[in-house]
Each structure stands twice: as structure tokens, then as C-alpha cells.
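Asks: Just dropping this structure here.
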Amino acid sequence: NSTETTPYQNIPAGTVRVNSLLADGSASVRTLAFGGSPFAGQNSGTNLLGLVNTLSWFSGDNRHRVKLTTEFRREYYWQDLAFNTLGTFAYNSLEELQKNRPASYSRQLSPRRREGTQFVGALALGDAWRPINDVQIQYGVRLDGNAFVDRPEENARITELFGRQNTTVPNRLYLSPRLGFSWTYGQSPQVALTAGAVRAPRAVVRGGIGVFQNTPRTQLIATAIDNTGLPTGLQQLTCVGSAAPSATWDRYSVTAREIPSQCLDGAGGINLTNANPNVTLFAPDFVAQRSIRSNLQWSGPILANRFTALADVTYSRNLNQSAGFDLNFPGQVRFTLPGEENRPVFVDPADIVTTTGQVAWRGGRISDQFGRVTEQRADLQSTSRQLTLGLRPAIPNATWFWNVNYVLSDAQEDFYGFQSTIGDPRVIAQSPGAVSRHQFQYSLS
């Protein structure tokens with residue numbers, strides 16, 4: 001699989017924030033995009049070679065079916081990392097756009113080709129056991145493993161400042177046990193097709209619990225390989241306030257040499273330029289996401305066999321959810337906002353551009369040699385609960401068919417404040433999950 005992206009114009013991108021007063025008196029804020037595309041020239045490709053084998057054994061009394069599954073695959077990808085190589089000008093209003101006063105300007109200075117290889121293997125052994133005719137028990141265990149071929153280039157300065165090895169990659173083995181059952185009871189009130197024919201069960205009860213394990217994507221370590229903080233890594237430029245250059249759009253369409261590659265000299269002694277590299281690395285105990293999931297389900301005919309109903313309860317505890325943690329964030333409160341319930345701000349007032357609100361966050365760093373030093377962690381969790389009720393006609397109709405379902409969902413998830421904060425972003429907070437609490441689904445065909 002391969003994808004190529006070609007823009008209509010090879011010029012920088014632009015964004016402008018538009019505030020609108022709507023006809024009903026309410027206000028709306030939207031960010032509009034114009035100019036070129038930040039994805040200009042971003043090409044990518046992937047290929048995968050996999051082998052899967054399944055071996056089954058049946059006992060003589062047909063009470064056991066043992067199944068052994070083996071899997072091995074090689075995954076490879078490449079990507080021309082050309083995001084924002086022509087730069088992006090950001091304006092806070094249409095008035096600022098008309099006056100050509102950008103609030104910020106950013107650009108990736110060093111296009112790179114990103115590529116990587118990963119080997120993934122799995123071994124699963126399970127048994128479907130039928131102790132009696134109406135009960136079947138399924139149990140087994142699965143072993144997954146992955147190995148990345150590539151590693152980031154070592155940056156000894158990161159180890160010295162933060163006590164972390166940026167060359168660590170999550171090569172792991174994962175064990176996943178599972179247990180389930182199904183129980184059929186009674187006989188359906190339907191008349192048998194012929195004398196002696198087997199009649200369907202009155203209802204079926206199913207349930208189970210198990211560990212469901214993800215394996216890392218091959219692209220997982222790509223950001224760490226590119227963002228090592230070394231001169232050979234990804235280099236980016238950010239200019240805010242008076243350090244942001246003005247745009248000359250007519251000249252950019254003639255030659256890309258006119259596109260700014262450095263900031264202007266800032267005024268007022270504020271450090272408005274940031275060209276320090278970002279760093280991405282993995283925590284030593286980082287593992288892929290997994291969930292402990294259980295469900296209990298009943299299905300069978302109701303109302304004199306006119307309809308088939310279903311009731312299902314599912315509970316899932318999702319473990320090792322990943323998120324980024326900025327090791328280069330000092331967490332020192334410089335002042336608070338009384339109008340926002342004393343919300344803390346972690347940079348000096350002098351590092352904020354008063355006309356736009358843009359933050360020169362270079363001052364809010366433990367080490368000003370680097371920008372963000374993002375440690376990928378897997379210490380977040382989430383919980384989801386779901387109740388499903390379904391109904392459909394039990395007797396087939398040659399002309400039409402319908403079914404209706406109602407789903408009640410509840411989810412709670414952890415997150416770091418680096419994503420959305422009203423306090424210390426290093427603290428884990430909890431919020432409702434992004435799922436609809438009530439869903440009604442109806443199908444007619």
C-alpha cells in the first residue's frame with residue numbers, strides 16, 4: 001500500500017481564527033485554513049508479509065476440540081516526513097490577517113525519510129470442551145511478542161539531564177488467558193420440520209472473561225527515532241509575537257527560497273524564538289494496551305415465539321493506556337488567574353505576548369537545550385460498561401426484515417493534563433469517555 005500527496009500550490013499554509021456573531025445572538029469561533037497544505041509532499045508506503053497456521057485435534061468422543069494457532073509476520077513502512085516543510089502562518093483574527101501580523105510562524109526545517117521494520121509472532125492454544133450436550137466451555141491462552149529492528153540514536157545528554165535512555169523500545173512478550181462458556185436450555189416451541197429432527201434450544205446463555213492484548217504498531221517508535229534531540233534528528237522552528245515574520249504570499253509562489261527559515265529579532269527582551277529540538281522516548285516499563293473484558297448474554301424467543309430477544313452486559317477494564325508526559329516541564333507556578341478559579345500558569349508574565357496571548361514556552365523548561373522531552377508512558381486506565389437490548393422477528397419473512405437495538409453506555413477514562421489542563425498537567429485526572437450514553441438503532445430492509 002502506498003500513498004502520495006501533491007498540493008495544488010507549493011506555498012506556506014495559513015490559518016486564521018474567525019469570531020462570528022450568529023443570528024440567534026450566540027457566538028461561534030472557527031479556525032479557517034488557506035494557502036498551501038502542511039502535508040505537501042508527504043508520501044508513505046507499507047508492506048506486510050504474514051504466515052498463519054491452525055492445527056485442530058478432535059477427541060474420539062467429540063467432547064474436546066483442541067486448536068493450536070501460530071502466526072508470524074514482518075511489517076515494514078516508509079514515510080517522507082514532510083509535514084509543514086513550507087511553514088505555517090497563524091493569525092488571531094481577520095483584522096490581523098489584513099494587516100499581515102501573524103501571531104506565530106512555525107516550520108519544519110529538515111525533511112526526513114522515516115522507515116522501520118517490526119517482527120510480530122503469536123502462539124495460541126485453546127480447547128472447546130463439552131462436558132454435557134447442553135454446555136460448552138472454551139478456555140485457552142495466547143502468547144504474543146514483538147521485536148522492533150530499529151532504535152533511536154543515543155543522546156547521552158538526555159540520560160545526563162533526565163535519567164532516561166532514549167534508545168529504549170518496547171520489545172515485549174504478552175500472555176493472555178481467556179475463559180468462556182455457552183449453555184443452551186429447553187426446546188424451541190417451533191414444530192420440528194420432520195419427525196425426529198433436532199429442535200432448536202429454547203434460549204442460549206453465553207459469557208466469558210479474558211485478557212485481550214494489542215501489539216504495537218510498527219510506526220509506534222517512529223517519532224522517537226526522528227526526535228532524538230541530536231543535530232541528525234528532526235529540526236523545527238517556532239516564532240511568536242514580534243519574532244514572527246510577515247508573509248509575502250506573491251513571492252512564495254515564485255520560489256520557495258523566499259520562505260522564512262529563521263525568526264525575526266524579538267523586541268522587549270522576550271525570548272520569542274524556539275529552535276530547540278524536541279525529544280520523544282519510551283518509559284522503561286512501557287507496554288502495549290490491553291483490556292480485561294467480560295460479558296454475559298442471553299438470547300431466545302419471547303411472546304409466543306413471535307420475536308427473538310437479546311440482552312448483553314459487557315464490562316471492560318482497559319489497562320496500559322498510553323499518553324505523553326513532558327519530562328522537561330518544571331511544574332513551577334509563576335502566577336494564577338483569579339477569573340478562572342485560580343488556574344495556574346507555569347511561565348513568567350514576561351514570556352507571554354500580551355497582544356495575542358501566545359506563550360514563549362521556552363522559558364518554562366528545566367533545560368533550555370530542548371523543547372518538549374516527551375516520555376511515552378502506559379500508566380493510564382479506563383473503564384467501560386455497556387448494556388445492549390435487541391429485538392427482531394423470530395419467523396423469517398420473504399418480503400421484509402427489521403431489528404431494533406438499544407445500547408446504554410458508560411465510560412470513564414484517565415488523562416494527563418498535558419492534553420487539557422486546569423491544574424498541574426503532570427497529575428492524572430479522570431473524565432467521561434467520548435461515547436454516546438444512549439443509542440437507538442433501527443434497521444428495516
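Going by the C-alpha cells order, chains are called A, B, ..., each with residues numbered from 1, while ligands are numbered from 1 in the order shown.
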List the neighbours of A:Glu71 out to 7 Å using only C-alpha atoms; skip same-chain residues closer than 4 positions along the sequence, and give me the result as number ranges by chain.

Replies: A: 51-53, 121-123

Asks: Now that the selection is made, can you save its residues with C-alpha atoms as a PDB file, in the first residue's frame?

Replies:
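The resulting file, selection-v9.pdb, is reproduced below:
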ATOM      1  CA  LEU A  51       2.098 -16.647   7.775  1.00  0.00           C
ATOM      2  CA  VAL A  52      -0.716 -18.233   9.807  1.00  0.00           C
ATOM      3  CA  ASN A  53      -1.242 -21.914  10.579  1.00  0.00           C
ATOM      4  CA  GLY A 121       4.658 -13.536  16.418  1.00  0.00           C
ATOM      5  CA  ALA A 122       1.838 -15.271  18.258  1.00  0.00           C
ATOM      6  CA  LEU A 123       1.125 -18.724  19.679  1.00  0.00           C
TER       7      LEU A 123
END

Asks: Given only C-alpha atoms, how would the per-residue table for stretch 10-42 of chain A near stretch 104-120 of chain A read, listing every residue at most 12 Å away with its closest atom pair and distance in Å to one decimal, sorted by chain and number, as a tab-separated table?

Replies:
residue	atom	partner	partner_atom	distance
A:Pro12	CA	A:Arg107	CA	9.0
A:Ala13	CA	A:Tyr105	CA	10.0
A:Gly14	CA	A:Tyr105	CA	9.3
A:Thr15	CA	A:Ser104	CA	10.1
A:Val16	CA	A:Ser104	CA	10.9
A:Pro38	CA	A:Arg107	CA	9.3
A:Phe39	CA	A:Gln108	CA	11.4
A:Ala40	CA	A:Pro111	CA	11.3
A:Gly41	CA	A:Pro111	CA	10.0
A:Gln42	CA	A:Pro111	CA	9.8

Asks: Can you spit out the residues from that selection as an mmCIF file, in the first residue's frame, using C-alpha atoms?

Replies:
data_model
loop_
_atom_site.group_PDB
_atom_site.id
_atom_site.type_symbol
_atom_site.label_atom_id
_atom_site.label_comp_id
_atom_site.auth_asym_id
_atom_site.auth_seq_id
_atom_site.Cartn_x
_atom_site.Cartn_y
_atom_site.Cartn_z
ATOM 1 C CA PRO A 12 3.169 28.000 3.061
ATOM 2 C CA ALA A 13 -0.072 27.245 4.845
ATOM 3 C CA GLY A 14 -2.104 29.785 6.754
ATOM 4 C CA THR A 15 -4.728 29.668 9.486
ATOM 5 C CA VAL A 16 -6.957 32.443 10.819
ATOM 6 C CA PRO A 38 1.115 21.425 5.561
ATOM 7 C CA PHE A 39 1.053 17.882 4.127
ATOM 8 C CA ALA A 40 2.756 18.918 0.871
ATOM 9 C CA GLY A 41 4.922 16.112 -0.473
ATOM 10 C CA GLN A 42 4.112 13.714 2.351
#

Asks: Which one is closest to A:Gln376: A:Ile221, A:Val345, A:Val240, A:Ile292? Count only C-alpha atoms.

Replies: A:Ile221

Asks: Quick one: residues within 7 Å of A:Tyr406, only C-alpha atoms counted, chain neighbours fewer than 2 positions away excluded, as a compact mmCIF listing (two decimals) with all heavy atoms, in the first residue's frame?

Replies:
# COMPACT_ATOMS: atom_id res chain seq x y z
N THR A 388 -26.84 -3.90 26.23
CA THR A 388 -27.46 -3.96 24.91
C THR A 388 -28.73 -4.78 24.98
O THR A 388 -28.72 -5.91 25.49
CB THR A 388 -26.51 -4.57 23.87
OG1 THR A 388 -25.29 -3.81 23.83
CG2 THR A 388 -27.14 -4.57 22.49
N LEU A 389 -29.83 -4.22 24.48
CA LEU A 389 -31.11 -4.92 24.37
C LEU A 389 -31.52 -4.92 22.91
O LEU A 389 -31.51 -3.86 22.26
CB LEU A 389 -32.19 -4.23 25.22
CG LEU A 389 -31.90 -4.10 26.71
CD1 LEU A 389 -32.99 -3.30 27.40
CD2 LEU A 389 -31.75 -5.47 27.36
N GLY A 390 -31.86 -6.10 22.38
CA GLY A 390 -32.22 -6.21 20.97
C GLY A 390 -33.50 -6.99 20.76
O GLY A 390 -33.88 -7.84 21.58
N LEU A 408 -27.03 1.18 26.14
CA LEU A 408 -26.74 2.11 27.23
C LEU A 408 -25.26 1.96 27.59
O LEU A 408 -24.80 0.87 27.94
CB LEU A 408 -27.61 1.80 28.45
CG LEU A 408 -27.32 2.60 29.73
CD1 LEU A 408 -27.58 4.08 29.51
CD2 LEU A 408 -28.13 2.06 30.89
N GLN A 439 -27.99 4.96 22.76
CA GLN A 439 -28.02 4.75 21.32
C GLN A 439 -29.24 3.91 20.96
O GLN A 439 -29.49 2.86 21.58
CB GLN A 439 -26.76 4.02 20.84
CG GLN A 439 -25.46 4.77 21.04
CD GLN A 439 -24.27 3.99 20.52
OE1 GLN A 439 -24.30 3.49 19.38
NE2 GLN A 439 -23.24 3.86 21.33
N PHE A 440 -30.00 4.39 20.00
CA PHE A 440 -31.13 3.64 19.45
C PHE A 440 -30.82 3.31 18.00
O PHE A 440 -30.54 4.20 17.20
CB PHE A 440 -32.43 4.45 19.55
CG PHE A 440 -32.85 4.76 20.95
CD1 PHE A 440 -32.44 5.91 21.59
CD2 PHE A 440 -33.65 3.87 21.66
CE1 PHE A 440 -32.82 6.20 22.88
CE2 PHE A 440 -34.06 4.14 22.95
CZ PHE A 440 -33.63 5.31 23.58
N GLN A 441 -30.86 2.03 17.66
CA GLN A 441 -30.52 1.59 16.31
C GLN A 441 -31.71 0.80 15.75
O GLN A 441 -32.19 -0.17 16.38
CB GLN A 441 -29.27 0.70 16.35
CG GLN A 441 -28.06 1.38 16.98
CD GLN A 441 -26.96 0.41 17.33
OE1 GLN A 441 -27.13 -0.80 17.25
NE2 GLN A 441 -25.81 0.94 17.74

Asks: If you run DSSP on this backbone, which residues of stretch 15-136 of chain A come out as strand (DSSP E), and could you give them as a VMD selection string?

Replies: chain A and resid 15 to 21 27 to 35 44 to 58 64 to 81 88 to 91 104 to 108 112 to 132 135 to 136

Asks: Could you give me, as CSV, a per-residue list for stretch 177-270 of chain A showing, wherever an atom lies at most 9 Å from an atom of stretch 96-100 of chain A, the closest pair of atoms and their distance in Å to one decimal, using only C-alpha atoms and sorting by chain then residue number from low to high?

Replies:
residue,atom,partner,partner_atom,distance
A:Ser246,CA,A:Asn100,CA,6.0
A:Ala247,CA,A:Asn100,CA,6.7
A:Thr248,CA,A:Asn100,CA,8.9

Asks: Using N, CA, C and O atoms, can you write the selected residues to a file as a PDB file, in the first residue's frame?

Replies:
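This is the output file again05.pdb:
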ATOM      1  N   SER A 246       6.537  38.477   8.702  1.00  0.00           N
ATOM      2  CA  SER A 246       5.339  38.725   7.899  1.00  0.00           C
ATOM      3  C   SER A 246       5.402  37.909   6.616  1.00  0.00           C
ATOM      4  O   SER A 246       6.474  37.574   6.114  1.00  0.00           O
ATOM      5  N   ALA A 247       4.237  37.598   6.086  1.00  0.00           N
ATOM      6  CA  ALA A 247       4.159  36.755   4.893  1.00  0.00           C
ATOM      7  C   ALA A 247       4.148  37.600   3.633  1.00  0.00           C
ATOM      8  O   ALA A 247       3.507  38.655   3.578  1.00  0.00           O
ATOM      9  N   THR A 248       4.883  37.167   2.616  1.00  0.00           N
ATOM     10  CA  THR A 248       4.853  37.773   1.282  1.00  0.00           C
ATOM     11  C   THR A 248       4.384  36.700   0.303  1.00  0.00           C
ATOM     12  O   THR A 248       5.187  36.059  -0.366  1.00  0.00           O
TER      13      THR A 248
END

Asks: Report as a tab-separated table the residues of stretch 117-164 of chain A within 12 Å of stretch 59-62 of chain A, each with its shortest atom pair and distance in Å (one decimal), using only C-alpha atoms, ordered by chain and increasing residue number.

Replies:
residue	atom	partner	partner_atom	distance
A:Asp127	CA	A:Ser59	CA	10.8
A:Ala128	CA	A:Asn62	CA	10.0
A:Trp129	CA	A:Asn62	CA	8.8
A:Arg130	CA	A:Asn62	CA	8.1
A:Pro131	CA	A:Asn62	CA	10.2
A:Ile132	CA	A:Asn62	CA	11.0
A:Asn133	CA	A:Asn62	CA	10.5
A:Gln136	CA	A:Asn62	CA	11.7

Asks: Considering only C-alpha atoms, can you say which of A:Ser299, A:Asn276, A:Gln369, A:Gln321 comes closest to A:Ala394?

Replies: A:Ser299

Asks: Go through A:Leu281, A:Val29, A:Cys239, A:Leu310 and flag the residue nearest A:Val353, using only C-alpha atoms for the distances.

Replies: A:Cys239

Asks: Excluding A:Thr46 and residues on its chain fewer than 3 positions from it, collect all residues at most 12 Å away from it, counting only C-alpha atoms, and give them as JSON, numbers by chain.

Replies: {"A": [1, 2, 3, 43, 49, 74, 75, 76, 77, 78, 79, 114, 115, 116, 117, 118, 217, 218, 219]}

Asks: Could you pull the residues within 12 Å of A:Arg257, counting only C-alpha atoms, minus those fewer than 2 positions along the same chain, as an MDAnalysis selection string?

Replies: chainID A and resid 10:12 86 248 251:255 259:261

Asks: Just how far from atom CA of A:Thr31 is atom CA of A:Val435, in Å to one decimal?

Replies: 25.2 Å

Asks: Select, from A:Pro301, A:Ser242, A:Leu296, A:Ala360, the residue with the minimum atom-to-atom distance to A:Asn274, counting only C-alpha atoms.

Replies: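 Result for the nearest residue to A:Asn274: A:Ala360.
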
Asks: List the neighbours of A:Val287 out to 10 Å using only C-alpha atoms; skip same-chain residues closer than 3 positions along the sequence, and give me the result as JSON, numbers by chain.

Replies: {"A": [169, 170, 171, 172, 173, 174, 214, 215, 216, 282, 283, 284, 290, 319, 320, 321, 322, 376, 377, 378, 379]}

Asks: For stretch 199-209 of chain A, list every protein, DNA or RNA residue within 6 Å, evaluated using only C-alpha atoms, and leave out those in the same chain fewer than 3 positions away; present the list as a count of residues only.

Replies: 20
